[in-house]
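Here is input-v5.txt, consisting of compact mmCIF, C-alpha atoms:
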# COMPACT_ATOMS: atom_id res chain seq x y z
CA MET U 1 -86.43 77.53 20.95
CA ARG U 2 -86.70 80.01 18.08
CA ARG U 3 -84.07 79.69 15.31
CA ARG U 4 -81.85 82.64 14.58
CA PRO U 5 -82.66 84.00 11.12
CA GLN U 6 -79.90 83.48 8.52
CA SER U 7 -78.30 86.48 6.96
CA ALA U 8 -79.57 87.09 3.44
CA ALA U 9 -76.12 88.17 2.36
CA LEU U 10 -74.68 84.76 3.18
CA THR U 11 -77.32 82.77 1.33
CA PRO U 12 -76.07 83.38 -2.26
CA ALA U 13 -72.49 82.58 -1.26
CA PHE U 14 -73.62 79.40 0.45
CA VAL U 15 -75.68 78.37 -2.56
CA SER U 16 -72.81 79.18 -4.92
CA ARG U 17 -70.36 77.17 -2.84
CA ALA U 18 -72.77 74.24 -2.63
CA GLY U 19 -73.34 74.37 -6.37
CA SER U 20 -69.64 74.42 -7.11
CA GLU U 21 -69.03 71.52 -4.75
CA LYS U 22 -71.80 69.57 -6.48
CA THR U 23 -70.27 70.33 -9.89
CA VAL U 24 -66.83 69.21 -8.74
CA SER U 25 -68.21 66.01 -7.26
CA THR U 26 -70.18 65.32 -10.45
CA ALA U 27 -67.12 65.88 -12.64
CA ALA U 28 -65.07 63.67 -10.34
CA GLY U 29 -67.69 60.94 -10.65
CA GLN U 30 -67.74 61.20 -14.42
CA SER U 31 -63.94 61.04 -14.66
CA ARG U 32 -63.73 57.69 -12.89
CA PHE U 33 -62.48 54.81 -14.99
CA HIS U 34 -65.36 53.29 -16.93
CA THR U 35 -64.52 49.65 -16.33
CA ASP U 36 -67.95 48.41 -17.42
CA LEU U 37 -67.89 50.19 -20.79
CA TRP U 38 -64.29 49.39 -21.67
CA LEU U 39 -64.86 45.74 -20.68
CA CYS U 40 -67.97 45.56 -22.87
CA PHE U 41 -66.05 47.14 -25.76
CA THR U 42 -63.22 44.63 -25.43
CA VAL U 43 -65.41 41.54 -25.06
CA GLN U 44 -67.79 42.38 -27.90
CA ASN U 45 -64.89 43.37 -30.20
CA TRP U 46 -63.13 40.08 -29.60
CA ILE U 47 -66.27 37.96 -29.97
CA LEU U 48 -68.29 39.76 -32.64
CA ASP U 49 -65.50 41.19 -34.81
CA PHE U 50 -62.34 39.12 -34.35
CA GLY U 51 -64.32 35.96 -33.64
CA ARG U 52 -66.65 36.38 -36.62
CA PRO U 53 -64.44 34.71 -39.28
CA ILE U 54 -63.35 32.06 -36.77
CA ALA U 55 -67.00 31.17 -36.11
CA MET U 56 -67.60 30.87 -39.86
CA ILE U 57 -64.70 28.43 -40.12
CA ILE U 58 -65.78 26.31 -37.16
CA MET U 59 -69.54 26.15 -37.81
CA PRO U 60 -70.62 23.43 -40.28
CA LEU U 61 -71.82 24.75 -43.61
CA GLU U 62 -74.94 22.57 -43.36
CA TRP U 63 -76.17 24.69 -40.43
CA PHE U 64 -75.92 27.91 -42.43
CA PRO U 65 -76.50 27.25 -46.16
CA LEU U 66 -75.35 29.83 -48.68
CA ASN U 67 -78.90 30.94 -49.50
CA LYS U 68 -79.40 32.06 -45.87
CA PRO U 69 -77.46 34.38 -43.50
CA SER U 70 -74.28 32.83 -42.15
CA VAL U 71 -73.18 32.80 -38.52
CA GLY U 72 -70.85 35.66 -39.41
CA ASP U 73 -73.81 37.71 -40.63
CA TYR U 74 -75.54 37.28 -37.28
CA PHE U 75 -72.34 38.27 -35.48
CA HIS U 76 -72.10 41.36 -37.69
CA MET U 77 -75.74 42.31 -37.03
CA ALA U 78 -75.12 42.16 -33.29
CA TYR U 79 -71.94 44.24 -33.70
CA ASN U 80 -73.85 46.90 -35.66
CA VAL U 81 -76.31 47.29 -32.78
CA ILE U 82 -74.05 46.97 -29.73
CA THR U 83 -71.15 49.16 -30.89
CA PRO U 84 -73.20 52.34 -31.57
CA PHE U 85 -74.97 51.84 -28.23
CA LEU U 86 -71.65 51.60 -26.36
CA LEU U 87 -70.31 54.65 -28.20
CA LEU U 88 -73.35 56.66 -27.16
CA LYS U 89 -72.97 55.53 -23.54
CA LEU U 90 -69.30 56.51 -23.67
CA ILE U 91 -70.17 59.97 -24.96
CA GLU U 92 -72.77 60.34 -22.21
CA ARG U 93 -70.08 59.84 -19.57
CA SER U 94 -67.72 62.37 -21.07
CA PRO U 95 -66.70 64.98 -18.45
CA THR U 96 -67.00 67.65 -21.14
CA ALA U 97 -70.11 68.40 -23.14
CA LEU U 98 -69.47 67.37 -26.75
CA PRO U 99 -71.27 68.72 -29.86
CA ARG U 100 -74.33 66.53 -30.13
CA SER U 101 -74.88 67.15 -33.84
CA ALA U 102 -71.39 65.91 -34.69
CA VAL U 103 -71.81 62.87 -32.44
CA TYR U 104 -75.17 61.92 -33.95
CA LEU U 105 -73.88 62.35 -37.51
CA CYS U 106 -70.87 60.15 -36.72
CA ILE U 107 -73.08 57.46 -35.18
CA ILE U 108 -75.47 57.48 -38.14
CA THR U 109 -72.61 57.35 -40.65
CA PHE U 110 -70.93 54.54 -38.72
CA VAL U 111 -74.13 52.46 -38.73
CA MET U 112 -74.56 53.02 -42.46
CA GLY U 113 -70.94 52.07 -43.15
CA ALA U 114 -71.14 49.03 -40.90
CA SER U 115 -74.30 47.88 -42.72
CA ILE U 116 -72.51 48.16 -46.07
CA HIS U 117 -69.56 46.30 -44.57
CA LEU U 118 -71.95 43.54 -43.45
CA VAL U 119 -73.05 43.00 -47.05
CA GLY U 120 -69.44 43.03 -48.25
CA ASP U 121 -68.36 40.49 -45.62
CA SER U 122 -71.30 38.25 -46.48
CA ILE U 123 -70.31 38.28 -50.16
CA ASN U 124 -66.64 37.78 -49.26
CA HIS U 125 -67.52 34.69 -47.19
CA ARG U 126 -69.31 33.13 -50.15
CA LEU U 127 -66.43 34.01 -52.47
CA ILE U 128 -63.98 32.24 -50.13
CA LEU U 129 -66.16 29.12 -50.22
CA SER U 130 -66.08 29.37 -54.04
CA GLY U 131 -62.29 29.50 -54.23
CA TYR U 132 -61.35 33.11 -53.48
CA GLN U 133 -57.78 33.32 -52.11
CA LEU U 134 -57.20 36.02 -49.50
CA HIS U 135 -53.42 36.21 -49.95
CA LEU U 136 -53.84 37.25 -53.61
CA SER U 137 -54.95 40.68 -54.71
CA VAL U 138 -58.54 41.11 -55.83
CA ARG U 139 -57.65 41.37 -59.52
CA GLU U 140 -55.35 38.30 -59.37
CA ASN U 141 -57.98 35.96 -57.96
CA PRO U 142 -59.17 33.47 -60.60
CA ILE U 143 -62.89 34.02 -59.92
CA ILE U 144 -62.50 37.82 -60.16
CA LYS U 145 -60.42 38.08 -63.34
CA ASP U 146 -63.45 37.77 -65.62
CA LEU U 147 -65.46 40.39 -63.70
CA LYS U 148 -66.56 43.21 -66.01
CA PRO U 149 -66.29 46.13 -65.81
CA ALA U 150 -63.02 46.36 -63.88
CA SER U 151 -64.28 49.39 -61.99
CA LEU U 152 -66.49 47.06 -59.94
CA VAL U 153 -63.34 45.93 -58.11
CA HIS U 154 -62.67 48.30 -55.26
CA ASN U 155 -61.00 48.49 -51.86
CA LYS U 156 -62.69 48.34 -48.49
CA SER U 157 -64.92 51.23 -47.50
CA PHE U 158 -63.92 53.84 -44.96
CA MET U 159 -66.60 52.88 -42.43
CA TYR U 160 -64.08 53.40 -39.63
CA VAL U 161 -63.75 57.16 -40.13
CA PRO U 162 -66.78 58.05 -37.95
CA PHE U 163 -65.73 55.43 -35.38
CA PHE U 164 -62.31 57.00 -34.85
CA LEU U 165 -63.79 60.48 -35.00
CA ILE U 166 -66.12 59.61 -32.10
CA LEU U 167 -63.21 58.22 -30.10
CA PHE U 168 -61.24 61.40 -30.76
CA LEU U 169 -64.15 63.63 -29.75
CA TYR U 170 -64.46 61.69 -26.52
CA PHE U 171 -60.69 61.92 -26.00
CA THR U 172 -60.75 65.72 -26.22
CA GLY U 173 -62.96 65.78 -23.12
CA CYS U 174 -60.76 63.46 -21.04
CA PHE U 175 -58.61 66.15 -19.41
CA THR U 176 -58.48 67.25 -15.80
CA GLN U 177 -56.41 69.41 -13.45
CA VAL U 178 -56.12 66.56 -10.92
CA LYS U 179 -52.46 65.61 -11.26
CA ASP U 180 -52.54 62.37 -9.24
CA GLU U 181 -55.41 60.60 -11.03
CA LYS U 182 -54.16 57.16 -12.00
CA MET U 183 -55.61 54.37 -14.11
CA SER U 184 -57.16 51.54 -12.14
CA TYR U 185 -55.89 47.96 -12.11
CA SER U 186 -58.82 46.90 -14.26
CA GLY U 187 -57.67 49.40 -16.87
CA TRP U 188 -54.17 47.92 -16.97
CA LEU U 189 -55.66 44.41 -17.31
CA LEU U 190 -57.87 45.48 -20.22
CA LEU U 191 -55.09 47.38 -21.96
CA GLY U 192 -53.41 44.33 -23.50
CA PRO U 193 -56.50 42.63 -25.01
CA SER U 194 -57.84 45.97 -26.19
CA ALA U 195 -54.59 46.97 -27.92
CA VAL U 196 -54.31 43.57 -29.62
CA TYR U 197 -57.82 44.00 -31.01
CA TYR U 198 -57.00 47.47 -32.36
CA TRP U 199 -53.94 45.94 -34.03
CA TYR U 200 -56.25 43.47 -35.73
CA LEU U 201 -58.73 46.22 -36.65
CA ILE U 202 -56.05 48.40 -38.23
CA THR U 203 -54.26 45.64 -40.15
CA GLU U 204 -57.32 43.69 -41.30
CA GLY U 205 -59.32 46.84 -42.04
CA GLN U 206 -56.37 48.48 -43.86
CA ILE U 207 -56.89 51.77 -42.01
CA PHE U 208 -53.32 52.48 -40.91
CA VAL U 209 -53.36 55.99 -42.42
CA LEU U 210 -56.59 56.86 -40.60
CA TYR U 211 -55.15 55.49 -37.38
CA VAL U 212 -51.93 57.51 -37.72
CA PHE U 213 -53.83 60.75 -38.37
CA THR U 214 -56.02 60.08 -35.32
CA PHE U 215 -52.99 59.31 -33.17
CA PHE U 216 -51.17 62.48 -34.25
CA ALA U 217 -54.31 64.50 -33.48
CA MET U 218 -54.39 62.94 -30.00
CA VAL U 219 -50.72 63.75 -29.42
CA ALA U 220 -51.27 67.36 -30.53
CA THR U 221 -54.26 67.63 -28.19
CA VAL U 222 -52.24 66.31 -25.24
CA MET U 223 -49.42 68.80 -25.88
CA ARG U 224 -51.87 71.71 -26.16
CA GLN U 225 -53.75 70.78 -22.99
CA ARG U 226 -50.51 70.38 -21.02
CA ARG U 227 -49.53 73.94 -21.85
CA MET U 228 -52.88 74.99 -20.38
CA GLY U 229 -52.27 73.00 -17.18
CA PHE U 230 -54.48 69.99 -17.92
CA VAL U 231 -53.55 66.29 -17.92
CA LEU U 232 -55.32 63.14 -19.11
CA ASP U 233 -57.73 61.44 -16.75
CA SER U 234 -57.81 57.65 -16.35
CA ASN U 235 -60.09 57.06 -19.35
CA GLY U 236 -58.04 59.32 -21.59
CA ARG U 237 -54.86 57.54 -20.54
CA PHE U 238 -56.42 54.17 -21.32
CA LEU U 239 -57.32 55.31 -24.83
CA PHE U 240 -53.96 57.01 -25.39
CA TYR U 241 -51.95 54.01 -24.15
CA ASN U 242 -54.09 51.81 -26.41
CA PHE U 243 -52.99 53.76 -29.46
CA ILE U 244 -49.33 53.73 -28.41
CA ILE U 245 -49.22 49.97 -27.85
CA THR U 246 -51.16 49.37 -31.06
CA LEU U 247 -48.60 51.37 -33.03
CA GLY U 248 -45.83 49.19 -31.60
CA LEU U 249 -47.70 46.01 -32.51
CA VAL U 250 -48.29 47.18 -36.07
CA LEU U 251 -44.60 48.07 -36.51
CA VAL U 252 -43.55 44.65 -35.21
CA TRP U 253 -46.05 42.97 -37.55
CA VAL U 254 -44.78 44.89 -40.58
CA ALA U 255 -41.13 44.19 -39.70
CA TYR U 256 -41.86 40.46 -39.35
CA LEU U 257 -43.42 40.25 -42.83
CA TRP U 258 -41.21 42.84 -44.50
CA ASN U 259 -39.51 40.37 -46.87
CA ASP U 260 -42.58 38.28 -47.73
CA LYS U 261 -42.63 38.34 -51.54
CA VAL U 262 -46.21 37.08 -51.97
CA LEU U 263 -47.71 39.60 -49.58
CA ARG U 264 -45.49 42.32 -51.01
CA LYS U 265 -47.09 41.65 -54.37
CA LYS U 266 -50.59 42.03 -52.90
CA TYR U 267 -49.67 45.26 -51.04
CA PRO U 268 -47.38 47.06 -53.54
CA GLY U 269 -47.89 50.60 -52.26
CA ILE U 270 -45.69 52.73 -50.04
CA ILE U 271 -47.63 51.74 -46.92
CA TYR U 272 -47.13 48.00 -46.44
CA VAL U 273 -49.47 46.58 -43.78
CA PRO U 274 -50.48 42.96 -44.51
CA GLU U 275 -53.82 41.61 -43.35
CA PRO U 276 -53.75 38.82 -40.73
CA TRP U 277 -56.19 36.64 -42.65
CA SER U 278 -54.06 36.94 -45.78
CA PHE U 279 -51.13 35.69 -43.71
CA TYR U 280 -53.35 32.86 -42.41
CA THR U 281 -54.42 31.62 -45.85
CA LEU U 282 -50.86 31.88 -47.19
CA HIS U 283 -48.74 30.38 -44.40
CA ILE U 284 -51.04 28.56 -41.96
CA LYS U 285 -54.09 27.19 -43.74
CA GLY U 286 -52.07 25.24 -46.32
CA SER U 287 -49.87 23.61 -43.70

Final structure tokens representation of the file:
Amino acid sequence: MRRRPQSAALTPAFVSRAGSEKTVSTAAGQSRFHTDLWLCFTVQNWILDFGRPIAMIIMPLEWFPLNKPSVGDYFHMAYNVITPFLLLKLIERSPTALPRSAVYLCIITFVMGASIHLVGDSINHRLILSGYQLHLSVRENPIIKDLKPASLVHNKSFMYVPFFLILFLYFTGCFTQVKDEKMSYSGWLLLGPSAVYYWYLITEGQIFVLYVFTFFAMVATVMRQRRMGFVLDSNGRFLFYNFIITLGLVLVWVAYLWNDKVLRKKYPGIIYVPEPWSFYTLHIKGS
């Protein structure tokens, strides 16, 4: 049987409709909750970042002498490799095409800052073993008082700026017109551990101001997109809920230590956000 020839006029419409359906299906696939990436982020953050100082406390000093890299240094090296890789994979799955130049510059700057932070943490670990007290300010520590010139004493670097900028760039692409897209159960399970880690990152890294500016930018983006008829997809909601819960945890932490005179002396500025390890050396380690 001979086939009936298709009308040429219908072919472009059919191709256009097929292409649009393919685009919609691709966007829908990209907007699914990235359980694997968020789980990897949470696990490696807890082990390689939060667990780094704990590992240095537990591991015997004889296994990692001071003239060789410590266990914390190895943890930090792994963090400096895995985190940029996960950030790049996260950007790849963004439903919206993001400016590649900005992403690459942020990744490169983050790696450079993390490498500098590795050196600083390695020195800090050796200072602690030599008598450095975390609950005292840098200038009040006995082994730092004789350091000359005084300009060598400085605060922590802003290595987290490119990290939060990448998260914000990814967040700007997490909007959809599908009103009923909900976060999966795995997302709700990961929300608690992830938010607790960000609380630790913000308080220990002393980056509350950077966090607040990023959060306000996210809120402004949500309000603007809602006026245009867009809502957050499941990944955007996970990130946004993370920041909300983290803000609550930081406020509770500050309220709990509001009247601590020793920590108040170390953090005399307007923004009072004590570091968890300073609290540990002051109130837990001694007891």

Shell of 9 Å around U:Ser194, all atoms listed in the file, local chain residues under 2 positions omitted, as number ranges by chain
U: 38-39, 41-43, 45-46, 190-192, 196-199, 242, 246

Using all atoms listed in the file, which residue out of U:Pro95, U:Gly236, U:Pro274, U:Gly205 lies closest to U:Val254?
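Closest residue, counting all atoms listed in the file: U:Pro274.
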
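Computed from the coordinates, the atom CA of U:Met56 to atom CA of U:Tyr211 distance equals 27.7 Å.
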
Identify which of the residues U:Arg237, U:His76, U:Arg100, U:Lys89 lies closest to U:Ile116, counting only C-alpha atoms when measuring atom-to-atom distances.
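Closest to U:Ile116, using only C-alpha atoms: U:His76.
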
By how many Å are atom CA of U:Ile270 and atom CA of U:Phe50 apart?
26.6 Å

Write out as a count of residues only which residues come within 8 Å of U:Thr203 when counting only C-alpha atoms, dropping same-chain ones fewer than 3 positions away.
10

From U:Asp260, U:Phe243, U:Thr35, U:Ile271, residue lying nearest U:His283 [only C-alpha atoms]:
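Checking each of U:Asp260, U:Phe243, U:Thr35, U:Ile271 against U:His283, counting only C-alpha atoms, the winner is U:Asp260.
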
List every protein, DNA or RNA residue that has at least one atom no more than 12 Å from (-72.3, 66.0, -32.5) in the file's coordinates, counting only C-alpha atoms, and write the result as a PDB file with C-alpha atoms, in the coordinates of the input.
ATOM      1  CA  LEU U  88     -73.350  56.660 -27.160  1.00  0.00           C
ATOM      2  CA  ILE U  91     -70.170  59.970 -24.960  1.00  0.00           C
ATOM      3  CA  GLU U  92     -72.770  60.340 -22.210  1.00  0.00           C
ATOM      4  CA  ALA U  97     -70.110  68.400 -23.140  1.00  0.00           C
ATOM      5  CA  LEU U  98     -69.470  67.370 -26.750  1.00  0.00           C
ATOM      6  CA  PRO U  99     -71.270  68.720 -29.860  1.00  0.00           C
ATOM      7  CA  ARG U 100     -74.330  66.530 -30.130  1.00  0.00           C
ATOM      8  CA  SER U 101     -74.880  67.150 -33.840  1.00  0.00           C
ATOM      9  CA  ALA U 102     -71.390  65.910 -34.690  1.00  0.00           C
ATOM     10  CA  VAL U 103     -71.810  62.870 -32.440  1.00  0.00           C
ATOM     11  CA  TYR U 104     -75.170  61.920 -33.950  1.00  0.00           C
ATOM     12  CA  LEU U 105     -73.880  62.350 -37.510  1.00  0.00           C
ATOM     13  CA  CYS U 106     -70.870  60.150 -36.720  1.00  0.00           C
ATOM     14  CA  ILE U 107     -73.080  57.460 -35.180  1.00  0.00           C
ATOM     15  CA  ILE U 108     -75.470  57.480 -38.140  1.00  0.00           C
ATOM     16  CA  THR U 109     -72.610  57.350 -40.650  1.00  0.00           C
ATOM     17  CA  PRO U 162     -66.780  58.050 -37.950  1.00  0.00           C
ATOM     18  CA  LEU U 165     -63.790  60.480 -35.000  1.00  0.00           C
ATOM     19  CA  ILE U 166     -66.120  59.610 -32.100  1.00  0.00           C
ATOM     20  CA  LEU U 169     -64.150  63.630 -29.750  1.00  0.00           C
ATOM     21  CA  TYR U 170     -64.460  61.690 -26.520  1.00  0.00           C
TER      22      TYR U 170
END

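Between U:Trp253 and the residues U:Tyr272, U:Phe213, U:Leu37, U:Ala55, the shortest atom-to-atom distance, using all atoms listed in the file, involves U:Tyr272.
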
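Atom pair atom CA of U:Phe64 / atom CA of U:Ser115 has a distance of 20.0 Å (rounded to one decimal).
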
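Remark: for U:Ser184, the closest of the candidate residues U:Asp233, U:Asp49, U:Glu204, U:Asp73 is U:Asp233 (distances computed over all atoms listed in the file).
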
Residue neighbourhood U:Leu210, 12 Å, only C-alpha atoms, exclusion window fewer than 5 positions, as a PDB file with C-alpha atoms, keeping the file's coordinate frame:
ATOM      1  CA  PHE U 158     -63.920  53.840 -44.960  1.00  0.00           C
ATOM      2  CA  MET U 159     -66.600  52.880 -42.430  1.00  0.00           C
ATOM      3  CA  TYR U 160     -64.080  53.400 -39.630  1.00  0.00           C
ATOM      4  CA  VAL U 161     -63.750  57.160 -40.130  1.00  0.00           C
ATOM      5  CA  PRO U 162     -66.780  58.050 -37.950  1.00  0.00           C
ATOM      6  CA  PHE U 163     -65.730  55.430 -35.380  1.00  0.00           C
ATOM      7  CA  PHE U 164     -62.310  57.000 -34.850  1.00  0.00           C
ATOM      8  CA  LEU U 165     -63.790  60.480 -35.000  1.00  0.00           C
ATOM      9  CA  PHE U 168     -61.240  61.400 -30.760  1.00  0.00           C
ATOM     10  CA  LEU U 201     -58.730  46.220 -36.650  1.00  0.00           C
ATOM     11  CA  ILE U 202     -56.050  48.400 -38.230  1.00  0.00           C
ATOM     12  CA  THR U 203     -54.260  45.640 -40.150  1.00  0.00           C
ATOM     13  CA  GLY U 205     -59.320  46.840 -42.040  1.00  0.00           C
ATOM     14  CA  PHE U 215     -52.990  59.310 -33.170  1.00  0.00           C
ATOM     15  CA  PHE U 216     -51.170  62.480 -34.250  1.00  0.00           C
ATOM     16  CA  ALA U 217     -54.310  64.500 -33.480  1.00  0.00           C
TER      17      ALA U 217
END

Which of these residues is nearest to U:Thr176, using only C-alpha atoms: U:Ser70, U:Val252, U:Ser94, U:Met218?
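Smallest separation from U:Thr176 among the options: U:Ser94.
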
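Near U:Phe175, within 7 Å and counting only C-alpha atoms, sit U:Phe230, U:Val231, U:Leu232, U:Asp233, not including residues fewer than 4 positions from it in the same chain.
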
Would you pull stretch 88-98 of chain U out of the block just shown and save all heavy atoms as a short mmCIF file (atom, residue, chain, number, x, y, z; two decimals), in the first residue's frame?
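Result file is part.cif:
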data_model
loop_
_atom_site.label_atom_id
_atom_site.label_comp_id
_atom_site.auth_asym_id
_atom_site.auth_seq_id
_atom_site.Cartn_x
_atom_site.Cartn_y
_atom_site.Cartn_z
N LEU U 88 29.82 23.06 40.28
CA LEU U 88 29.73 23.03 38.82
C LEU U 88 28.60 22.09 38.35
O LEU U 88 27.88 22.42 37.40
CB LEU U 88 31.06 22.57 38.22
CG LEU U 88 32.20 23.59 38.25
CD1 LEU U 88 33.51 22.95 37.79
CD2 LEU U 88 31.87 24.80 37.38
N LYS U 89 28.46 20.95 39.01
CA LYS U 89 27.37 20.03 38.65
C LYS U 89 26.01 20.67 38.94
O LYS U 89 25.05 20.47 38.18
CB LYS U 89 27.50 18.72 39.42
CG LYS U 89 28.76 17.93 39.13
CD LYS U 89 28.87 17.55 37.67
CE LYS U 89 27.79 16.55 37.23
NZ LYS U 89 27.97 16.14 35.83
N LEU U 90 25.93 21.45 40.02
CA LEU U 90 24.68 22.13 40.35
C LEU U 90 24.33 23.16 39.29
O LEU U 90 23.18 23.28 38.86
CB LEU U 90 24.81 22.79 41.72
CG LEU U 90 23.52 23.37 42.33
CD1 LEU U 90 22.54 22.25 42.65
CD2 LEU U 90 23.85 24.15 43.60
N ILE U 91 25.34 23.91 38.84
CA ILE U 91 25.11 24.91 37.80
C ILE U 91 24.70 24.24 36.49
O ILE U 91 23.85 24.76 35.74
CB ILE U 91 26.38 25.76 37.60
CG1 ILE U 91 26.66 26.61 38.85
CG2 ILE U 91 26.25 26.66 36.38
CD1 ILE U 91 25.57 27.60 39.19
N GLU U 92 25.26 23.08 36.20
CA GLU U 92 24.91 22.36 34.98
C GLU U 92 23.43 21.99 34.94
O GLU U 92 22.82 21.95 33.87
CB GLU U 92 25.76 21.10 34.85
CG GLU U 92 27.20 21.33 34.43
CD GLU U 92 27.97 20.03 34.32
OE1 GLU U 92 27.35 18.97 34.48
OE2 GLU U 92 29.19 20.09 34.08
N ARG U 93 22.86 21.72 36.09
CA ARG U 93 21.46 21.30 36.16
C ARG U 93 20.49 22.47 36.32
O ARG U 93 19.29 22.25 36.52
CB ARG U 93 21.26 20.32 37.31
CG ARG U 93 22.05 19.03 37.16
CD ARG U 93 21.60 18.01 38.18
NE ARG U 93 22.46 16.84 38.19
CZ ARG U 93 22.27 15.78 38.98
NH1 ARG U 93 21.24 15.76 39.82
NH2 ARG U 93 23.10 14.76 38.95
N SER U 94 21.00 23.66 36.28
CA SER U 94 20.12 24.82 36.40
C SER U 94 19.15 24.87 35.22
O SER U 94 19.56 24.73 34.06
CB SER U 94 20.94 26.11 36.45
OG SER U 94 20.11 27.24 36.43
N PRO U 95 17.85 25.07 35.46
CA PRO U 95 16.89 25.16 34.35
C PRO U 95 17.14 26.36 33.45
O PRO U 95 16.72 26.36 32.30
CB PRO U 95 15.54 25.29 35.08
CG PRO U 95 15.77 24.80 36.47
CD PRO U 95 17.20 25.14 36.77
N THR U 96 17.83 27.36 33.96
CA THR U 96 18.11 28.57 33.19
C THR U 96 19.60 28.66 32.91
O THR U 96 20.43 28.36 33.77
CB THR U 96 17.66 29.82 33.97
OG1 THR U 96 16.28 29.69 34.31
CG2 THR U 96 17.85 31.08 33.14
N ALA U 97 19.94 29.06 31.71
CA ALA U 97 21.35 29.23 31.35
C ALA U 97 21.93 30.41 32.13
O ALA U 97 21.42 31.52 32.05
CB ALA U 97 21.49 29.45 29.85
N LEU U 98 23.00 30.15 32.88
CA LEU U 98 23.65 31.18 33.68
C LEU U 98 24.91 31.67 32.99
O LEU U 98 25.51 30.94 32.19
CB LEU U 98 23.99 30.61 35.07
CG LEU U 98 22.80 30.08 35.87
CD1 LEU U 98 23.28 29.42 37.16
CD2 LEU U 98 21.82 31.20 36.19
#
